[in-house]
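Trainee: Can you read through this structure? Questions will come right after.
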Amino acid sequence: MLAFLFRRILIAIPTIILISIFVFALQKLLPGDPLLVLAGEERDPDVLEFLREKYRLNDPLPVQYLAWVGNALQGDLGISLRSNQPVTELMAQKLPVTIQLAVMSMIFALVIGIPAGILSAVKKGTTTDYVANVVALSGLSIPNFWLGIMLILLVSVKWQLLPASGYVPLSEDFGQSIRTMLMPSFVLGTALAATLMRHTRSSMLGVLNADYVRTARAKGLAERVVVLKHAFRNALTPIVTLTALLFGELIAGAVLTEQIFTIPGFGKLVVDAVFNRDYAVVQGIVLVTAVGFIVMNLIADMMYFVLNPRLREQH
Amino acid sequence: MRHLKTAMLSALLGATALTAQPGYAKDLRIALQSDADVLDPDQSRTFVGRIVYASMCDKLVDITPELEIIPQLATAWETTDDGTKVRMSLREGVVFHDGTPFNAEAVAANIERSQTLDESRRKSELKSITGTEVTGEYEITLTLAGADATLMAQLADRAGMMISPTAAAEAGADFGLNPVCSGAFKFEERVAQDKIVLSKFDDYWNADVIHFDSVTFLPIPDTTVRLANLQSGDIDMLERLAATDLTQANADDSIVVQSAVSLGYQGITFNINNGARGDNPWGNDKRLRQALSHAIDREALNQVVFDGAFAAGNQSFPPPSPWYNTDLPVQGADMEKAKALLAEAGYADGIELEVQVPNSTEPLAVMQVVQAMAAQAGIDIKLTSKEFATLLADQSAGDYTASQIGWSGRVDPDGNNHQFVTTNGGINDSKFSNPKIDELMNAARVGATTEARKALYDEAMVIMLDELPRLFLYHVNWIWAHSDNLKGFTPYPDGMIRLENVTWEE
């Protein structure tokens with residue numbers, strides 16, 4: 001297992017390097033000169049030239065890239081062109097926010113998606129199944145921003161139950177922090193729940209027809225035990241993979257959700273940075289997100305070992 | 001049991017509903033349309049940044065809603081007859097947030113920093129100052145290269161904001177991470193894209209008119225969400241309410257809406273002579289530009305796109321401005337005239353015009369309406385939507401025929417004109433050149449009296465509206481919405497939020 005882990009990490013390194021080159025090149029291909037915006041409405045030529053020098057924008061691209069990598073290896077991701085704050089500091093501020101949003105959304109997704117999937121597989125062809133499917137399809141098709149704004153108008157403006165938007169750190173006020181995050185994580189979670197539900201359902205349907213499930217039923221085990229202990233456990237492997245991959249979708253969804261609910265997280269940071277051509281910030285975020293994604297996949301691989309004893313023996 | 005549950009649930013809901021209500025708003029919460037950039041008056045560029053400064057950084061002088069210059073940190077000023085020296089008396093007993101005393105030395109240090117800091121965006125605004133001389137503890141004399149009628153207006157904005165020389169010397173270009181000024185509120189903390197928190201400065205010279213313990217600025221870009229936050233009581237005030245949300249806001253009894261016509265303009269800038277693409281029918285023949293102008297019904301445009309909440313305009317100043325040339329009022333559409341001009345220019349069968357537009361909702365909606373109006377005259381407008389940074393780069397490089405773009409506006413009329421239309425103007429992206437305009441603009445810049453300057457701008461406006469390097473369409477209205485508990489807020493045409501004498505009454 002350790003050898004496997006080691007091999008996986010080795011493979012991850014070139015991936016990260018490729019991603020960083022890709023993002024670096026892509027950004028510079030974007031049309032438009034960030035400094036024209038940065039120099040202010042008057043666009044003083046001296047200021048423009050000074051800023052180009054300061055941020056090394058006059059150097060050839062490979063030189064710029066190597067300089068960035070050199071600093072990044074020492075933990076310095078540069079400073080934001082817009083606010084002058086160090087990128088690492090910005091990310092340290094944002095990371096806990098997005099992690100909280102991701103975790104709470106995942107809880108919503110799992111708590112709604114998996115039971116709904118099991119239920120509709122077990123009750124295949126019944127009204128319950130159809131209702132669950134329709135709900136899941138709506139979850140997939142309703143745009144985040146629409147659901148978000150509707151919730152704000154209903155829950156915050158009309159009923160005044162939850163704060164309309166914003167963010168309160170967990171450490172500052174635990175209750176308020178959870179309350180502020182409820183709506184955004186629900187919005188983000190429902191979209192993921194729909195995907196999870198569909199996959200749980202098909203995975204369960206496959207397993208429920210397997211011989212050993214029939215045997216278990218023949219042994220006279222309670223339906224509950226058959227479904228949850230025997231069938232679900234085996235249906236779980238593809239769901240774990242999916243959950244890890246959903247992490248990517250979660251980050252993508254967070255971009256929109258954070259924008260609507262004005263949550264100062266990674267998603268909002270990256271969107272604003274792209275629009276402001278804040279190169280250093282975009283590069284930093286993509287690097288960290290890529291690493292995060294790879295780590296999530298590693299964790300998913302590890303989970304297989306836990307869930308499937310056969311894999312443990314092979315490695 | 002069930003009763004108990006219901007009771008507990010309603011108690012819980014009641015409790016949460018209570019906490020969602022705003023308490024005594026000793027902390028004023030203001031929502032901004034976007035996040036400010038670096039909080040250093042010498043380096044910053046954003047409009048929202050200036051709103052934060054209005055509470056944090058005092059300036060040498062301020063303006064009235066009627067754009068007159070009034071004292072703030074400078075109590076009096078006089079200019080010598082030839083206009084090359086300005087002597088200023090400064091307010092006594094003022095300290096910066098770090099305790100550094102405010103005096104003539106501090107003013108000299110501030111001007112020097114604005115002029116010499118490499119990152120400074122204020123250099124062009126203070127270009128006319130060639131020297132400062134401390135002529136007393138609270139008196140400073142500025143030497144100018146030549147008479148400059150625009151200087152006091154510059155000092156009423158970021159170029160005139162006074163920052164602590166001690167803090168500035170220590171932090172250098174990083175001053176913006178922890179700004180230290182002398183305004184009513186001092187900087188507490190900033191979480192990018194989340195909030196900027198200021199707290200009341202106890203030693204503020206004008207503390208009697210300040211009635212809040214702290215101010216929190218929250219960037220909330222989505223207009224609907226901004227309004228929802230106000231309606232739910234999560235914020236107390238917001239700036240730039242969308243014109244389309246006016247009906248909803250007005251219908252809410254607990255919300256007060258106020259507005260002021262801005263100092264800036266929105267319009268279409270033509271490429272007259274900027275590079276190879278300047279050589280096109282639209283750049284070469286002013287009759288085409290005039291035809292387009294006659295084809296547009298500006299009042300209808302304002303009604304259709306903004307529900308009439310903005311101001312139709314045809315000059316670089318909005319109609320209520322004291323600088324507006326009242327002999328040239330906004331005209332309705334005149335299709336016959338437009339067609340006649342097109343025919344005269346040799347395009348009786350119509351002509352195409354490519355206009356680049358920033359890719360956001362409002363500019364696109366505006367240009368689609370203009371497109372429909374122009375089509376009636378036979379002008380076929382093709383819209384090319386571009387992300388703003390790209391649009392600006394192409395415009396600056398001359399890679400465009402026409403561009404829908406605006407200007408946020410300046411207190412002094414010079415700021416809305418000189419740099420755009422004089423031959424060597426810094427942002428003359430049209431590369432428009434007209435000796436008479438150069439002469440008038442340069443004369444207006446040094447003009448001694450307001451009346452004399454007004455006459456020069458009036459004369460220039462006649463030429464500018466005939467040549468039309470910039471075709472003006474409308475003027476944005478700043479629209480604020482706030483809780484009806486907030487009293488005493490005065491709208492200013494510069495769009496700032498001044499908290500002097502603003503109170504909170506439950």
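Within each chain, counting starts at residue 1; across the structure tokens, chains are named A, B, ... in the order shown, with ligands numbered 1 upward in that order.
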Which polymer residues have any atom within 8 Å of an atom of A:Val157, counting only C-alpha atoms, with same-chain residues fewer than 4 positions away left out, as a list in words?
Mentor: Ile152, Leu153 and Ala164 of chain A; Ala228, Asn229, Gln231 and Ser232 of chain B
Trainee: With DSSP run on the backbone, what are the strand (DSSP E) residues within stretch 142-381 of chain B? I'd like them as JSON, numbers by chain.
Mentor: {"B": [142, 143, 144, 185, 186, 187, 188, 189, 190, 191, 195, 196, 197, 198, 199, 200, 214, 215, 216, 217, 218, 219, 237, 238, 255, 256, 257, 258, 259, 260, 261, 265, 266, 267, 268, 269, 270, 311, 312, 351, 352, 353, 354, 355, 356, 357, 358, 379, 380, 381]}
Trainee: With N, CA and C atoms kept, could you save the residues just selected as a short mmCIF file (atom, residue, chain, number, x, y, z; two decimals), in the first residue's frame?
Mentor:
```
data_model
loop_
_atom_site.label_atom_id
_atom_site.label_comp_id
_atom_site.auth_asym_id
_atom_site.auth_seq_id
_atom_site.Cartn_x
_atom_site.Cartn_y
_atom_site.Cartn_z
N LEU B 142 2.45 76.67 -2.14
CA LEU B 142 2.75 75.81 -3.28
C LEU B 142 3.18 76.68 -4.45
N THR B 143 4.27 76.29 -5.10
CA THR B 143 4.70 77.00 -6.31
C THR B 143 4.25 76.21 -7.52
N LEU B 144 3.63 76.89 -8.46
CA LEU B 144 3.12 76.20 -9.64
C LEU B 144 3.92 76.58 -10.87
N PHE B 185 -12.86 57.92 10.65
CA PHE B 185 -12.74 56.52 11.05
C PHE B 185 -11.36 56.00 10.70
N LYS B 186 -10.83 55.12 11.57
CA LYS B 186 -9.51 54.57 11.29
C LYS B 186 -9.62 53.11 10.85
N PHE B 187 -8.62 52.69 10.09
CA PHE B 187 -8.60 51.35 9.53
C PHE B 187 -8.46 50.29 10.62
N GLU B 188 -9.34 49.27 10.59
CA GLU B 188 -9.23 48.17 11.54
C GLU B 188 -8.74 46.91 10.85
N GLU B 189 -9.51 46.41 9.89
CA GLU B 189 -9.08 45.21 9.19
C GLU B 189 -9.72 45.12 7.83
N ARG B 190 -9.10 44.29 6.99
CA ARG B 190 -9.64 44.06 5.67
C ARG B 190 -9.52 42.59 5.34
N VAL B 191 -10.60 41.99 4.89
CA VAL B 191 -10.54 40.65 4.34
C VAL B 191 -10.96 40.83 2.88
N LYS B 195 -14.80 42.20 3.49
CA LYS B 195 -15.16 43.40 4.23
C LYS B 195 -13.95 44.29 4.50
N ILE B 196 -14.25 45.57 4.69
CA ILE B 196 -13.26 46.53 5.15
C ILE B 196 -13.89 47.16 6.39
N VAL B 197 -13.22 47.04 7.53
CA VAL B 197 -13.80 47.53 8.77
C VAL B 197 -13.03 48.75 9.25
N LEU B 198 -13.76 49.83 9.54
CA LEU B 198 -13.17 51.05 10.10
C LEU B 198 -13.82 51.30 11.46
N SER B 199 -13.05 51.86 12.38
CA SER B 199 -13.66 52.20 13.67
C SER B 199 -13.48 53.68 13.95
N LYS B 200 -14.36 54.20 14.77
CA LYS B 200 -14.38 55.63 15.04
C LYS B 200 -13.04 56.09 15.61
N SER B 214 -18.49 52.36 14.30
CA SER B 214 -17.66 51.75 13.26
C SER B 214 -18.45 51.68 11.96
N VAL B 215 -17.72 51.50 10.89
CA VAL B 215 -18.34 51.35 9.57
C VAL B 215 -17.74 50.10 8.93
N THR B 216 -18.59 49.25 8.39
CA THR B 216 -18.10 48.08 7.67
C THR B 216 -18.56 48.17 6.22
N PHE B 217 -17.60 48.11 5.31
CA PHE B 217 -17.92 48.11 3.88
C PHE B 217 -17.89 46.69 3.37
N LEU B 218 -18.98 46.26 2.73
CA LEU B 218 -19.07 44.88 2.24
C LEU B 218 -19.25 44.89 0.73
N PRO B 219 -18.29 44.35 0.00
CA PRO B 219 -18.48 44.27 -1.45
C PRO B 219 -19.50 43.20 -1.80
N MET B 237 -27.15 50.21 4.21
CA MET B 237 -27.11 51.13 3.08
C MET B 237 -26.41 50.45 1.91
N LEU B 238 -26.77 50.82 0.69
CA LEU B 238 -26.05 50.29 -0.45
C LEU B 238 -25.85 51.40 -1.47
N ILE B 255 -37.37 51.35 3.17
CA ILE B 255 -36.18 51.72 2.40
C ILE B 255 -36.34 53.11 1.81
N VAL B 256 -35.29 53.90 1.93
CA VAL B 256 -35.28 55.23 1.34
C VAL B 256 -34.32 55.22 0.15
N VAL B 257 -34.77 55.75 -0.98
CA VAL B 257 -33.91 55.80 -2.17
C VAL B 257 -33.54 57.26 -2.44
N GLN B 258 -32.26 57.51 -2.67
CA GLN B 258 -31.83 58.87 -2.99
C GLN B 258 -30.90 58.80 -4.20
N SER B 259 -30.85 59.90 -4.96
CA SER B 259 -29.96 59.85 -6.13
C SER B 259 -29.37 61.20 -6.46
N ALA B 260 -28.33 61.18 -7.26
CA ALA B 260 -27.69 62.40 -7.75
C ALA B 260 -27.09 62.09 -9.12
N VAL B 261 -27.21 63.03 -10.04
CA VAL B 261 -26.61 62.84 -11.36
C VAL B 261 -25.09 62.84 -11.20
N TYR B 265 -19.84 60.68 -17.87
CA TYR B 265 -20.72 60.50 -19.03
C TYR B 265 -20.53 59.11 -19.60
N GLN B 266 -21.47 58.69 -20.43
CA GLN B 266 -21.33 57.48 -21.23
C GLN B 266 -21.58 57.89 -22.67
N GLY B 267 -20.83 57.30 -23.59
CA GLY B 267 -21.01 57.67 -24.98
C GLY B 267 -20.24 56.76 -25.92
N ILE B 268 -20.06 57.24 -27.14
CA ILE B 268 -19.32 56.47 -28.14
C ILE B 268 -18.11 57.29 -28.56
N THR B 269 -16.92 56.72 -28.43
CA THR B 269 -15.70 57.39 -28.85
C THR B 269 -15.32 56.87 -30.23
N PHE B 270 -15.03 57.79 -31.16
CA PHE B 270 -14.67 57.37 -32.52
C PHE B 270 -13.16 57.41 -32.71
N ALA B 311 -29.86 60.21 -16.64
CA ALA B 311 -30.11 61.50 -17.29
C ALA B 311 -29.63 61.43 -18.73
N ALA B 312 -30.52 61.76 -19.67
CA ALA B 312 -30.12 61.83 -21.07
C ALA B 312 -29.10 62.95 -21.19
N ILE B 351 -24.83 52.77 -44.40
CA ILE B 351 -23.43 52.48 -44.13
C ILE B 351 -23.32 51.65 -42.86
N GLU B 352 -22.27 50.88 -42.79
CA GLU B 352 -22.07 50.02 -41.62
C GLU B 352 -21.15 50.71 -40.62
N LEU B 353 -21.35 50.41 -39.33
CA LEU B 353 -20.45 50.93 -38.29
C LEU B 353 -20.20 49.83 -37.26
N GLU B 354 -18.92 49.54 -37.04
CA GLU B 354 -18.60 48.53 -36.03
C GLU B 354 -18.30 49.24 -34.72
N VAL B 355 -19.01 48.87 -33.66
CA VAL B 355 -18.80 49.48 -32.35
C VAL B 355 -18.40 48.39 -31.36
N GLN B 356 -17.28 48.61 -30.66
CA GLN B 356 -16.92 47.64 -29.62
C GLN B 356 -17.59 48.05 -28.30
N VAL B 357 -18.08 47.04 -27.57
CA VAL B 357 -18.87 47.27 -26.36
C VAL B 357 -18.33 46.39 -25.22
N PRO B 358 -18.23 46.92 -24.00
CA PRO B 358 -17.87 46.05 -22.87
C PRO B 358 -18.94 44.97 -22.69
N ILE B 379 -28.19 53.34 -40.80
CA ILE B 379 -26.87 53.01 -40.28
C ILE B 379 -26.93 51.60 -39.67
N ASP B 380 -26.10 50.73 -40.19
CA ASP B 380 -26.13 49.34 -39.77
C ASP B 380 -25.01 49.11 -38.74
N ILE B 381 -25.38 49.15 -37.45
CA ILE B 381 -24.36 49.02 -36.41
C ILE B 381 -24.08 47.55 -36.13
#
```
Trainee: At a cut-off of 9 Å, list the chain A residues touching chain B, using only C-alpha atoms, as a VMD selection string.
Mentor: chain A and resid 30 to 47 50 to 51 81 to 85 90 93 to 94 149 152 to 153 156 to 167 259 to 265 268 to 269 272 275 to 277
Trainee: Write a file of the selected residues as a PDB file, in the first residue's frame, keeping C-alpha atoms.
Mentor:
```pdb
ATOM      1  CA  LEU A  30      -5.737  36.289 -22.905  1.00  0.00           C
ATOM      2  CA  PRO A  31      -6.239  39.477 -24.882  1.00  0.00           C
ATOM      3  CA  GLY A  32      -6.075  42.816 -23.127  1.00  0.00           C
ATOM      4  CA  ASP A  33      -3.436  44.542 -21.110  1.00  0.00           C
ATOM      5  CA  PRO A  34      -4.011  44.274 -17.362  1.00  0.00           C
ATOM      6  CA  LEU A  35      -1.843  47.282 -16.718  1.00  0.00           C
ATOM      7  CA  LEU A  36      -4.067  49.605 -18.748  1.00  0.00           C
ATOM      8  CA  VAL A  37      -6.717  48.912 -16.146  1.00  0.00           C
ATOM      9  CA  LEU A  38      -4.277  48.971 -13.254  1.00  0.00           C
ATOM     10  CA  ALA A  39      -2.722  52.269 -14.220  1.00  0.00           C
ATOM     11  CA  GLY A  40      -5.972  54.054 -13.464  1.00  0.00           C
ATOM     12  CA  GLU A  41      -8.323  55.959 -15.720  1.00  0.00           C
ATOM     13  CA  GLU A  42      -5.612  58.418 -16.758  1.00  0.00           C
ATOM     14  CA  ARG A  43      -3.161  55.678 -17.840  1.00  0.00           C
ATOM     15  CA  ASP A  44       0.025  57.606 -17.114  1.00  0.00           C
ATOM     16  CA  PRO A  45       2.758  56.148 -19.431  1.00  0.00           C
ATOM     17  CA  ASP A  46       5.491  56.404 -16.755  1.00  0.00           C
ATOM     18  CA  VAL A  47       3.415  54.463 -14.263  1.00  0.00           C
ATOM     19  CA  PHE A  50       7.261  51.180 -14.001  1.00  0.00           C
ATOM     20  CA  LEU A  51       4.594  48.552 -13.299  1.00  0.00           C
ATOM     21  CA  LEU A  81      -1.599  43.169  -8.643  1.00  0.00           C
ATOM     22  CA  ARG A  82      -4.830  44.615  -7.399  1.00  0.00           C
ATOM     23  CA  SER A  83      -4.674  44.739  -3.623  1.00  0.00           C
ATOM     24  CA  ASN A  84      -0.897  44.368  -3.088  1.00  0.00           C
ATOM     25  CA  GLN A  85      -1.555  41.546  -0.593  1.00  0.00           C
ATOM     26  CA  LEU A  90      -5.051  35.808   0.409  1.00  0.00           C
ATOM     27  CA  GLN A  93      -7.822  33.749   4.275  1.00  0.00           C
ATOM     28  CA  LYS A  94      -9.987  32.044   1.654  1.00  0.00           C
ATOM     29  CA  ILE A 149     -31.516  34.173  -5.469  1.00  0.00           C
ATOM     30  CA  ILE A 152     -32.415  34.680  -0.552  1.00  0.00           C
ATOM     31  CA  LEU A 153     -35.670  36.391  -1.496  1.00  0.00           C
ATOM     32  CA  SER A 156     -33.947  36.148   4.074  1.00  0.00           C
ATOM     33  CA  VAL A 157     -36.108  38.924   2.683  1.00  0.00           C
ATOM     34  CA  LYS A 158     -39.574  37.491   3.244  1.00  0.00           C
ATOM     35  CA  TRP A 159     -39.145  35.325   6.333  1.00  0.00           C
ATOM     36  CA  GLN A 160     -35.967  36.954   7.662  1.00  0.00           C
ATOM     37  CA  LEU A 161     -34.735  33.610   8.998  1.00  0.00           C
ATOM     38  CA  LEU A 162     -31.162  33.474   7.703  1.00  0.00           C
ATOM     39  CA  PRO A 163     -28.637  36.128   6.689  1.00  0.00           C
ATOM     40  CA  ALA A 164     -28.941  36.959   2.972  1.00  0.00           C
ATOM     41  CA  SER A 165     -25.268  36.671   2.178  1.00  0.00           C
ATOM     42  CA  GLY A 166     -21.768  37.131   3.484  1.00  0.00           C
ATOM     43  CA  TYR A 167     -19.568  35.100   5.733  1.00  0.00           C
ATOM     44  CA  GLN A 259     -20.553  34.910  -6.284  1.00  0.00           C
ATOM     45  CA  ILE A 260     -24.274  34.925  -5.461  1.00  0.00           C
ATOM     46  CA  PHE A 261     -23.947  34.693  -1.700  1.00  0.00           C
ATOM     47  CA  THR A 262     -20.896  36.958  -1.645  1.00  0.00           C
ATOM     48  CA  ILE A 263     -18.821  34.400   0.212  1.00  0.00           C
ATOM     49  CA  PRO A 264     -15.166  35.424   0.173  1.00  0.00           C
ATOM     50  CA  GLY A 265     -13.819  32.025  -0.836  1.00  0.00           C
ATOM     51  CA  LYS A 268     -14.863  34.342  -5.807  1.00  0.00           C
ATOM     52  CA  LEU A 269     -11.166  35.027  -5.527  1.00  0.00           C
ATOM     53  CA  ASP A 272     -12.354  38.365  -9.650  1.00  0.00           C
ATOM     54  CA  PHE A 275     -11.395  39.599 -14.598  1.00  0.00           C
ATOM     55  CA  ASN A 276      -8.749  41.852 -13.104  1.00  0.00           C
ATOM     56  CA  ARG A 277      -5.983  39.915 -14.887  1.00  0.00           C
TER      57      ARG A 277
END
```
Trainee: What's the 10 Å shell around B:Pro322, counting only C-alpha atoms, without same-chain residues fewer than 4 positions away, as a list of chain:residue names?
Mentor: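 Skipping anything fewer than 4 positions along the chain leaves B:Glu66, B:Leu67, B:Phe317, B:Pro318, B:Thr326, B:Pro413, B:Thr450, B:Lys454.
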Trainee: So which residues touch A:Val240 within 9 Å, counting only C-alpha atoms, skipping near sequence neighbours fewer than 3 positions away, as a list in words?
Mentor: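 Residues meeting the cut-off are Leu236, Thr237, Thr243, Ala244, Leu245, Ala300, Asp301, Met303 and Tyr304 of chain A.
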Trainee: Taking only C-alpha atoms into account, which of A:Ile21, A:Ala280, A:Ala235, A:Ala193 comes nearest A:Tyr55?
Mentor: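 Looking only at the distances to A:Tyr55, the closest residue turns out to be A:Ala280.
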Trainee: Would you mind listing what lies within 12 Å of B:Thr64 as JSON, numbers by chain, with only C-alpha atoms counted and same-chain residues fewer than 4 positions away left out?
Mentor: {"B": [68, 69, 70, 71, 72, 153, 156, 411, 490, 491, 492, 493, 494, 496, 498]}
Trainee: How would the residues just picked look written out with N, CA and C atoms as a JSON list (two decimals), in the first residue's frame?
Mentor:
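For reference, selection.json as written:
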```json
[["chain", "number", "residue", "atom", "x", "y", "z"],
["B", 68, "GLU", "N", -18.90, 73.37, -5.29],
["B", 68, "GLU", "CA", -18.02, 74.43, -4.83],
["B", 68, "GLU", "C", -16.98, 73.84, -3.90],
["B", 69, "ILE", "N", -15.78, 74.45, -3.94],
["B", 69, "ILE", "CA", -14.70, 73.93, -3.10],
["B", 69, "ILE", "C", -14.82, 74.54, -1.70],
["B", 70, "ILE", "N", -14.80, 73.70, -0.68],
["B", 70, "ILE", "CA", -14.91, 74.19, 0.70],
["B", 70, "ILE", "C", -13.77, 73.64, 1.54],
["B", 71, "PRO", "N", -13.46, 74.28, 2.68],
["B", 71, "PRO", "CA", -12.33, 73.84, 3.50],
["B", 71, "PRO", "C", -12.55, 72.45, 4.11],
["B", 72, "GLN", "N", -11.47, 71.71, 4.26],
["B", 72, "GLN", "CA", -11.50, 70.51, 5.10],
["B", 72, "GLN", "C", -10.26, 70.59, 5.98],
["B", 153, "ALA", "N", -9.60, 71.48, -7.32],
["B", 153, "ALA", "CA", -10.50, 70.34, -7.52],
["B", 153, "ALA", "C", -9.73, 69.03, -7.36],
["B", 156, "ALA", "N", -9.37, 68.12, -3.89],
["B", 156, "ALA", "CA", -10.62, 67.71, -3.26],
["B", 156, "ALA", "C", -10.85, 66.21, -3.43],
["B", 411, "VAL", "N", -14.52, 66.64, -10.77],
["B", 411, "VAL", "CA", -15.16, 67.84, -10.25],
["B", 411, "VAL", "C", -14.88, 69.02, -11.17],
["B", 490, "THR", "N", -26.74, 62.98, 2.64],
["B", 490, "THR", "CA", -26.85, 63.91, 1.51],
["B", 490, "THR", "C", -26.20, 63.31, 0.27],
["B", 491, "PRO", "N", -26.94, 63.19, -0.83],
["B", 491, "PRO", "CA", -26.33, 62.69, -2.06],
["B", 491, "PRO", "C", -25.41, 63.75, -2.68],
["B", 492, "TYR", "N", -24.27, 63.30, -3.17],
["B", 492, "TYR", "CA", -23.32, 64.19, -3.84],
["B", 492, "TYR", "C", -23.12, 63.68, -5.26],
["B", 493, "PRO", "N", -22.88, 64.60, -6.20],
["B", 493, "PRO", "CA", -22.69, 64.15, -7.59],
["B", 493, "PRO", "C", -21.41, 63.33, -7.79],
["B", 494, "ASP", "N", -20.50, 63.35, -6.82],
["B", 494, "ASP", "CA", -19.29, 62.53, -6.99],
["B", 494, "ASP", "C", -19.53, 61.09, -6.53],
["B", 496, "MET", "N", -19.88, 59.82, -3.62],
["B", 496, "MET", "CA", -19.28, 59.42, -2.34],
["B", 496, "MET", "C", -20.35, 59.34, -1.24],
["B", 498, "ARG", "N", -20.70, 60.51, 2.42],
["B", 498, "ARG", "CA", -20.11, 61.30, 3.52],
["B", 498, "ARG", "C", -20.95, 61.08, 4.77]]
```
Trainee: If you count only C-alpha atoms, which residues fall within 8 Å of stretch 7-17 of chain A, apart from same-chain ones fewer than 2 positions away, as a VMD selection string?
Mentor: chain A and resid 3 to 5 19 to 21 287 290 to 291 294 298
Trainee: What's around stretch 460-471 of chain B at 7 Å? Count only C-alpha atoms, leave out sequence neighbours fewer than 3 positions away in its own chain, and write the answer as a ChimeraX atom specification.
Mentor: /B:267-270,272,286,289,293,430,432,437,440,456-457
Trainee: Running DSSP on the backbone, which parts of stretch 163-254 of chain A land in alpha helix (DSSP H), as a PyMOL selection string?
Mentor: chain A and resi 174-208+211-218+223-225+232-254
Trainee: Just to confirm, what's the straight-line distance from atom CA of B:Thr423 to atom CA of A:Leu57 in Å (one decimal)?
Mentor: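 Value for the atom CA of B:Thr423-atom CA of A:Leu57 distance: 29.6 Å.
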Trainee: In Å, how far is it from atom CA of B:Asp27 to atom CA of B:Ala54?
Mentor: 16.5 Å
